[in-house]
$ cat protein.cif   # mmCIF, C-alpha atoms and all ligand atoms
data_protein
loop_
_atom_site.label_atom_id
_atom_site.label_comp_id
_atom_site.auth_asym_id
_atom_site.auth_seq_id
_atom_site.Cartn_x
_atom_site.Cartn_y
_atom_site.Cartn_z
CA MET A 1 42.19 -6.39 -3.49
CA LYS A 2 41.78 -9.24 -0.96
CA GLY A 3 44.99 -10.74 -2.35
CA SER A 4 46.98 -7.55 -1.86
CA TRP A 5 45.89 -7.25 1.82
CA LEU A 6 46.86 -10.86 2.39
CA SER A 7 50.16 -10.18 0.68
CA ILE A 8 50.85 -7.16 2.92
CA LEU A 9 49.82 -9.07 6.08
CA ALA A 10 52.05 -12.02 5.15
CA GLY A 11 54.89 -9.58 4.39
CA VAL A 12 54.56 -7.88 7.80
CA LEU A 13 54.44 -11.25 9.62
CA CYS A 14 57.47 -12.37 7.58
CA ALA A 15 59.40 -9.27 8.70
CA LEU A 16 58.49 -9.85 12.39
CA THR A 17 59.45 -13.53 12.21
CA LEU A 18 62.74 -12.70 10.49
CA ALA A 19 63.55 -10.13 13.18
CA ALA A 20 62.91 -12.75 15.91
CA ILE A 21 65.11 -15.29 14.10
CA ALA A 22 67.98 -12.84 13.54
CA ALA A 23 67.75 -11.77 17.21
CA GLY A 24 68.44 -15.41 18.13
CA TYR A 25 65.09 -16.42 19.67
CA PRO A 26 64.62 -18.64 21.54
CA TYR A 27 67.77 -17.93 23.55
CA ALA A 28 69.74 -20.90 24.83
CA GLY A 29 68.53 -21.71 28.35
CA SER A 30 65.31 -19.69 27.99
CA LEU A 31 62.94 -22.69 27.78
CA GLY A 32 64.82 -24.98 30.16
CA SER A 33 65.35 -27.71 27.55
CA ALA A 34 67.80 -27.65 24.65
CA GLN A 35 65.57 -29.97 22.59
CA LEU A 36 62.59 -27.66 23.06
CA GLU A 37 64.68 -24.60 22.18
CA ALA A 38 66.03 -26.26 19.00
CA LEU A 39 62.47 -27.27 18.07
CA GLY A 40 61.30 -23.69 18.67
CA ALA A 41 64.11 -22.32 16.47
CA VAL A 42 63.26 -24.73 13.63
CA ALA A 43 59.54 -23.94 14.03
CA LEU A 44 60.29 -20.21 13.63
CA GLN A 45 62.20 -20.96 10.42
CA LEU A 46 59.33 -23.12 9.11
CA LEU A 47 56.85 -20.36 9.97
CA PHE A 48 58.94 -17.88 7.99
CA GLY A 49 59.06 -20.25 4.99
CA ALA A 50 55.27 -20.83 5.14
CA LEU A 51 54.56 -17.08 5.37
CA ALA A 52 56.81 -16.44 2.38
CA LEU A 53 54.77 -18.98 0.38
CA VAL A 54 51.50 -17.30 1.46
CA ALA A 55 52.91 -13.92 0.36
CA LEU A 56 53.87 -15.46 -2.98
CA ALA A 57 50.46 -17.10 -3.52
CA ALA A 58 48.71 -13.77 -2.82
CA SER A 59 51.05 -11.75 -5.05
CA GLU A 60 50.18 -10.37 -8.48
CA SER A 61 53.26 -11.98 -9.95
CA TRP A 62 52.03 -15.50 -9.05
CA LYS A 63 48.55 -14.82 -10.49
CA GLN A 64 49.96 -13.83 -13.86
CA GLU A 65 50.38 -16.39 -16.60
CA GLN A 66 53.82 -17.95 -16.53
CA PRO A 67 55.67 -19.39 -19.51
CA ARG A 68 56.29 -23.12 -19.28
CA PHE A 69 59.49 -24.71 -20.41
CA ALA A 70 60.86 -28.18 -21.03
CA ASP A 71 62.68 -29.81 -18.11
CA GLY A 72 65.11 -32.07 -19.90
CA GLY A 73 68.40 -31.96 -17.99
CA TRP A 74 69.83 -34.27 -15.34
CA PRO A 75 69.03 -34.05 -12.53
CA THR A 76 65.73 -32.54 -13.59
CA LEU A 77 64.77 -29.16 -12.21
CA ARG A 78 61.59 -30.71 -10.81
CA SER A 79 63.62 -33.19 -8.75
CA LEU A 80 65.86 -30.35 -7.50
CA ALA A 81 62.69 -28.44 -6.55
CA VAL A 82 61.73 -31.30 -4.21
CA ILE A 83 65.21 -32.10 -2.86
CA GLY A 84 66.31 -28.43 -2.45
CA PRO A 85 63.86 -27.43 0.33
CA LEU A 86 64.47 -30.75 2.14
CA ALA A 87 68.24 -30.16 2.01
CA VAL A 88 67.84 -26.63 3.41
CA MET A 89 65.53 -27.81 6.20
CA THR A 90 68.06 -30.51 7.12
CA GLN A 91 70.79 -27.85 7.19
CA ILE A 92 68.66 -25.62 9.44
CA GLY A 93 67.92 -28.55 11.77
CA LEU A 94 71.64 -29.38 12.04
CA GLY A 95 72.43 -25.67 12.68
CA ALA A 96 69.84 -25.57 15.47
CA GLY A 97 71.25 -28.81 16.90
CA TYR A 98 74.67 -27.18 17.09
CA ARG A 99 73.40 -23.84 18.40
CA TYR A 100 71.67 -25.52 21.36
CA GLN A 101 74.62 -27.87 21.94
CA LEU A 102 72.81 -31.11 21.04
CA ILE A 103 75.35 -32.08 18.34
CA SER A 104 78.79 -30.96 17.12
CA VAL A 105 79.25 -28.46 14.29
CA ILE A 106 80.64 -31.14 11.92
CA PRO A 107 77.29 -32.39 10.48
CA HIS A 108 76.16 -28.78 9.86
CA ALA A 109 79.46 -27.74 8.25
CA VAL A 110 79.70 -30.89 6.08
CA TRP A 111 76.06 -30.84 4.96
CA ALA A 112 76.46 -27.12 4.14
CA PHE A 113 78.53 -28.03 1.11
CA ALA A 114 76.05 -30.63 -0.17
CA ALA A 115 73.16 -28.18 0.35
CA ALA A 116 75.11 -25.34 -1.27
CA VAL A 117 75.95 -27.45 -4.35
CA LEU A 118 72.26 -28.42 -4.74
CA LEU A 119 71.11 -24.80 -4.45
CA LEU A 120 73.80 -23.56 -6.84
CA MET A 121 72.71 -26.22 -9.37
CA MET A 122 69.05 -25.28 -8.99
CA GLY A 123 69.71 -21.55 -9.38
CA THR A 124 72.05 -22.01 -12.34
CA TYR A 125 69.67 -24.38 -14.17
CA VAL A 126 66.87 -21.79 -13.84
CA LEU A 127 69.13 -19.01 -15.15
CA THR A 128 70.02 -21.11 -18.20
CA GLN A 129 66.32 -21.57 -19.16
CA SER A 130 65.67 -18.97 -21.83
CA GLN A 131 61.88 -19.31 -21.34
CA ALA A 132 61.87 -18.94 -17.56
CA SER A 133 60.11 -15.75 -16.41
CA ARG A 134 62.03 -12.72 -15.19
CA THR A 135 60.64 -13.24 -11.65
CA MET A 136 62.00 -16.79 -11.57
CA LYS A 137 65.40 -15.63 -12.75
CA THR A 138 65.47 -12.85 -10.15
CA VAL A 139 64.67 -15.34 -7.34
CA ALA A 140 67.36 -17.69 -8.71
CA THR A 141 69.95 -14.87 -8.73
CA VAL A 142 69.08 -13.89 -5.15
CA LEU A 143 69.31 -17.56 -4.06
CA LEU A 144 72.74 -17.97 -5.68
CA SER A 145 74.07 -14.79 -4.05
CA LEU A 146 72.67 -15.62 -0.59
CA THR A 147 74.06 -19.16 -0.72
CA CYS A 148 77.61 -17.90 -1.41
CA LEU A 149 77.26 -15.23 1.30
CA GLN A 150 75.91 -17.79 3.79
CA VAL A 151 78.97 -20.02 3.60
CA VAL A 152 81.19 -17.01 4.44
CA LEU A 153 78.84 -15.94 7.27
CA GLY A 154 78.81 -19.54 8.55
CA VAL A 155 82.60 -19.53 8.90
CA GLY A 156 82.30 -16.18 10.72
CA ALA A 157 79.59 -17.59 13.04
CA LEU A 158 81.79 -20.59 13.77
CA LEU A 159 84.72 -18.32 14.63
CA ALA A 160 82.38 -16.42 16.94
CA ARG A 161 81.54 -19.65 18.77
CA VAL A 162 84.98 -21.17 19.09
CA SER A 163 87.45 -18.30 19.41
CA ASP A 164 88.34 -15.68 21.98
CA ILE A 165 87.33 -12.89 19.64
CA GLN A 166 83.63 -13.61 20.21
CA ARG A 167 83.40 -10.60 22.48
CA ALA A 168 84.19 -8.34 19.51
CA ALA A 169 81.14 -6.22 18.64
CA TRP A 170 80.83 -7.53 15.08
CA MET A 171 80.58 -11.19 16.08
CA PRO A 172 76.91 -11.18 17.25
CA VAL A 173 76.18 -9.29 14.03
CA VAL A 174 77.72 -12.10 11.94
CA THR A 175 75.75 -14.73 13.90
CA GLY A 176 72.49 -12.80 13.52
CA LEU A 177 73.14 -12.34 9.80
CA HIS A 178 73.85 -16.08 9.43
CA LEU A 179 70.55 -16.98 11.14
CA GLY A 180 68.58 -14.43 9.09
CA THR A 181 70.23 -15.37 5.81
CA GLY A 182 69.36 -19.03 6.55
CA SER A 183 65.66 -18.00 6.64
CA LEU A 184 65.95 -16.03 3.42
CA ILE A 185 67.60 -19.01 1.71
CA LEU A 186 64.74 -21.25 2.87
CA ALA A 187 62.14 -18.75 1.58
CA CYS A 188 63.93 -18.31 -1.80
CA THR A 189 64.27 -22.09 -2.19
CA LEU A 190 60.56 -22.65 -1.47
CA ILE A 191 59.50 -19.86 -3.83
CA LEU A 192 61.78 -21.03 -6.63
CA SER A 193 60.59 -24.62 -6.12
CA ALA A 194 56.96 -23.48 -6.37
CA PHE A 195 57.72 -21.74 -9.69
CA VAL A 196 59.67 -24.73 -11.00
CA LEU A 197 56.92 -27.23 -10.11
CA ARG A 198 54.41 -24.95 -11.84
CA CYS A 199 56.39 -24.07 -14.96
CA ALA A 200 58.87 -26.88 -15.73
CA GLU A 201 57.25 -29.63 -17.79
CA PRO A 202 58.78 -33.04 -18.54
CA ALA A 203 60.87 -32.48 -21.70
CA GLN A 204 58.70 -34.05 -24.37
CA GLN A 205 55.49 -32.10 -23.50
CA GLY A 206 56.34 -28.60 -22.40
CA GLN A 207 57.86 -26.36 -25.05
CA GLU A 208 55.04 -24.03 -26.13
CA MET A 209 52.78 -24.17 -23.06
CA VAL A 210 51.62 -21.28 -20.86
CA SER A 211 50.69 -21.86 -17.20
CA THR A 212 47.69 -20.14 -15.62
CA GLY A 213 48.39 -21.76 -12.25
CA ARG A 214 45.18 -23.83 -12.50
CA HIS A 215 44.85 -27.52 -13.18
CA SER A 216 42.72 -28.41 -16.21
C1 LIG B 301 73.92 -23.27 2.87
C2 LIG B 301 74.68 -23.07 3.92
C3 LIG B 301 74.17 -22.81 5.33
C4 LIG B 301 72.91 -22.58 5.81
C5 LIG B 301 71.58 -22.52 5.04
C6 LIG B 301 73.01 -22.41 7.25
C7 LIG B 301 71.95 -22.14 8.10
C8 LIG B 301 72.05 -22.03 9.46
C9 LIG B 301 70.95 -21.75 10.34
C10 LIG B 301 69.52 -21.50 9.89
C11 LIG B 301 71.42 -21.74 11.60
C12 LIG B 301 70.62 -21.49 12.87
C13 LIG B 301 69.74 -22.65 13.19
C14 LIG B 301 68.80 -22.28 14.28
O1 LIG B 301 69.23 -22.27 15.43
O2 LIG B 301 67.65 -22.01 14.00
C15 LIG B 301 72.84 -21.97 11.55
C16 LIG B 301 73.68 -21.96 12.64
C17 LIG B 301 75.05 -22.04 12.55
N1 LIG B 301 75.80 -22.28 11.40
FE1 LIG B 301 75.08 -22.42 9.52
N2 LIG B 301 74.34 -22.54 7.62
C18 LIG B 301 75.07 -22.78 6.48
C19 LIG B 301 76.44 -22.96 6.39
C20 LIG B 301 77.31 -22.92 7.46
C21 LIG B 301 78.74 -23.12 7.39
C22 LIG B 301 79.53 -23.40 6.10
C23 LIG B 301 79.23 -22.98 8.66
C24 LIG B 301 80.64 -23.06 9.17
C25 LIG B 301 81.56 -23.81 8.72
C26 LIG B 301 78.10 -22.71 9.54
C27 LIG B 301 78.19 -22.50 10.89
C28 LIG B 301 77.13 -22.27 11.74
C29 LIG B 301 77.25 -22.00 13.17
C30 LIG B 301 78.55 -21.86 13.93
C31 LIG B 301 75.95 -21.85 13.67
C32 LIG B 301 75.57 -21.50 15.11
C33 LIG B 301 75.42 -19.99 15.14
C34 LIG B 301 75.18 -19.47 16.56
O3 LIG B 301 76.13 -19.46 17.29
O4 LIG B 301 74.07 -19.05 16.86
N3 LIG B 301 76.96 -22.68 8.78
N4 LIG B 301 73.21 -22.15 10.23
#

$ encode --input "protein.cif" --output "structure tokens"
Amino acid sequence: MKGSWLSILAGVLCALTLAAIAAGYPYAGSLGSAQLEALGAVALQLLFGALALVALAASESWKQEQPRFADGGWPTLRSLAVIGPLAVMTQIGLGAGYRYQLISVIPHAVWAFAAAVLLLMMGTYVLTQSQASRTMKTVATVLLSLTCLQVVLGVGALLARVSDIQRAAWMPVVTGLHLGTGSLILACTLILSAFVLRCAEPAQQGQEMVSTGRHS
């Protein structure tokens, strides 16, 4: 019961944080320092990711036993589960740097492809694990879809910044969607990584194991 209240509270806070991110807070010029504003934007994204993990930890799905599976490929899923969230955080930092005019768009646009490839690998590897739980596979499918969508939205957001058509009504919508989808990608990556680190065992040990989420 306590867990479900915590889950609901984390869900509500997640929704409020996501709304603030998609609305573009903090606005450029609002805090008087671009560095501070970029830091605030990244902090909001981190808060959203942390709340998503709290919601996961309090959820029924996380408390259930999860099948374990062998992690034998290269790169291993466990290594992708560590690198993936770091790659997304770097991408978010570079996006914030561009949004508050601290750096050019090039690092964000170039790193987008490295981050996207990592996330696509992670999602695909999970989908090819026959023993991975249905929840894991659902999160992996959502992550794959959002990553593809985000690259398209990113190009739209860039057009909004650099072209004359930025006054068109749909342009702020594209930018808001790009910011919000960035948060959802971070949350999905963190959640999938948590599942992978719990369920994927080094190849020689894992085949028939079941995880209870507790260390023995
Ligand atoms: C996996 C891929 C991507 C992710 C996760 C991502 C994420 C983000 C995030 C979170 C922000 C906002 C940062 C902040 O201020 O808090 C941002 C901003 C931005 N991104 Fe991306 N991005 C991705 C790909 C791209 C691509 C491919 C492009 C364009 C070539 C792009 C163009 C932009 C632009 C123009 C902004 C500034 C938006 C504005 O005007 O407010 N992004 N990105």

$ residues_near_ligand --input "protein.cif" --ligand "ligand LIG 301 (chain B)" --cutoff "6 Å" --atoms "all atoms listed in the file" --output "MDAnalysis selection string"
chainID A and resid 41:42 88 91:92 95:96 99 109 112 115:116 147 150:151 154:155 157:158 161 175 179 182

$ atom_distance --input "protein.cif" --atom1 "CA of Ala22 in chain A" --atom2 "CA of Gly180 in chain A"
4.8 Å

$ closest_residue --input "protein.cif" --among "A:Val174, A:Ile185, A:Leu119, A:Val105" --to "Val162 in chain A" --atoms "all atoms listed in the file"
A:Val105

$ residues_around --input "protein.cif" --residues "range 46-60 of chain A" --least-positions-apart "2" --cutoff "8 Å" --atoms "all atoms listed in the file" --output "JSON, numbers by chain"
{"A": [3, 4, 6, 7, 8, 10, 11, 13, 14, 17, 18, 42, 43, 44, 62, 63, 64, 183, 186, 187, 190, 191]}

$ write_last_selection --input "protein.cif" --atoms "C-alpha atoms" --output "PDB file, keeping the file's coordinate frame"
ATOM      1  CA  GLY A   3      44.990 -10.740  -2.350  1.00  0.00           C
ATOM      2  CA  SER A   4      46.980  -7.550  -1.860  1.00  0.00           C
ATOM      3  CA  LEU A   6      46.860 -10.860   2.390  1.00  0.00           C
ATOM      4  CA  SER A   7      50.160 -10.180   0.680  1.00  0.00           C
ATOM      5  CA  ILE A   8      50.850  -7.160   2.920  1.00  0.00           C
ATOM      6  CA  ALA A  10      52.050 -12.020   5.150  1.00  0.00           C
ATOM      7  CA  GLY A  11      54.890  -9.580   4.390  1.00  0.00           C
ATOM      8  CA  LEU A  13      54.440 -11.250   9.620  1.00  0.00           C
ATOM      9  CA  CYS A  14      57.470 -12.370   7.580  1.00  0.00           C
ATOM     10  CA  THR A  17      59.450 -13.530  12.210  1.00  0.00           C
ATOM     11  CA  LEU A  18      62.740 -12.700  10.490  1.00  0.00           C
ATOM     12  CA  VAL A  42      63.260 -24.730  13.630  1.00  0.00           C
ATOM     13  CA  ALA A  43      59.540 -23.940  14.030  1.00  0.00           C
ATOM     14  CA  LEU A  44      60.290 -20.210  13.630  1.00  0.00           C
ATOM     15  CA  TRP A  62      52.030 -15.500  -9.050  1.00  0.00           C
ATOM     16  CA  LYS A  63      48.550 -14.820 -10.490  1.00  0.00           C
ATOM     17  CA  GLN A  64      49.960 -13.830 -13.860  1.00  0.00           C
ATOM     18  CA  SER A 183      65.660 -18.000   6.640  1.00  0.00           C
ATOM     19  CA  LEU A 186      64.740 -21.250   2.870  1.00  0.00           C
ATOM     20  CA  ALA A 187      62.140 -18.750   1.580  1.00  0.00           C
ATOM     21  CA  LEU A 190      60.560 -22.650  -1.470  1.00  0.00           C
ATOM     22  CA  ILE A 191      59.500 -19.860  -3.830  1.00  0.00           C
TER      23      ILE A 191
END

$ atom_distance --input "protein.cif" --atom1 "CA of Ser61 in chain A" --atom2 "CA of Val117 in chain A"
28.0 Å

$ atom_distance --input "protein.cif" --atom1 "CA of Leu118 in chain A" --atom2 "CA of Gly84 in chain A"
6.4 Å

$ closest_residue --input "protein.cif" --among "A:Ile106, A:Ala20, A:Leu153, A:Val126" --to "Thr189 in chain A" --atoms "all atoms listed in the file"
A:Val126
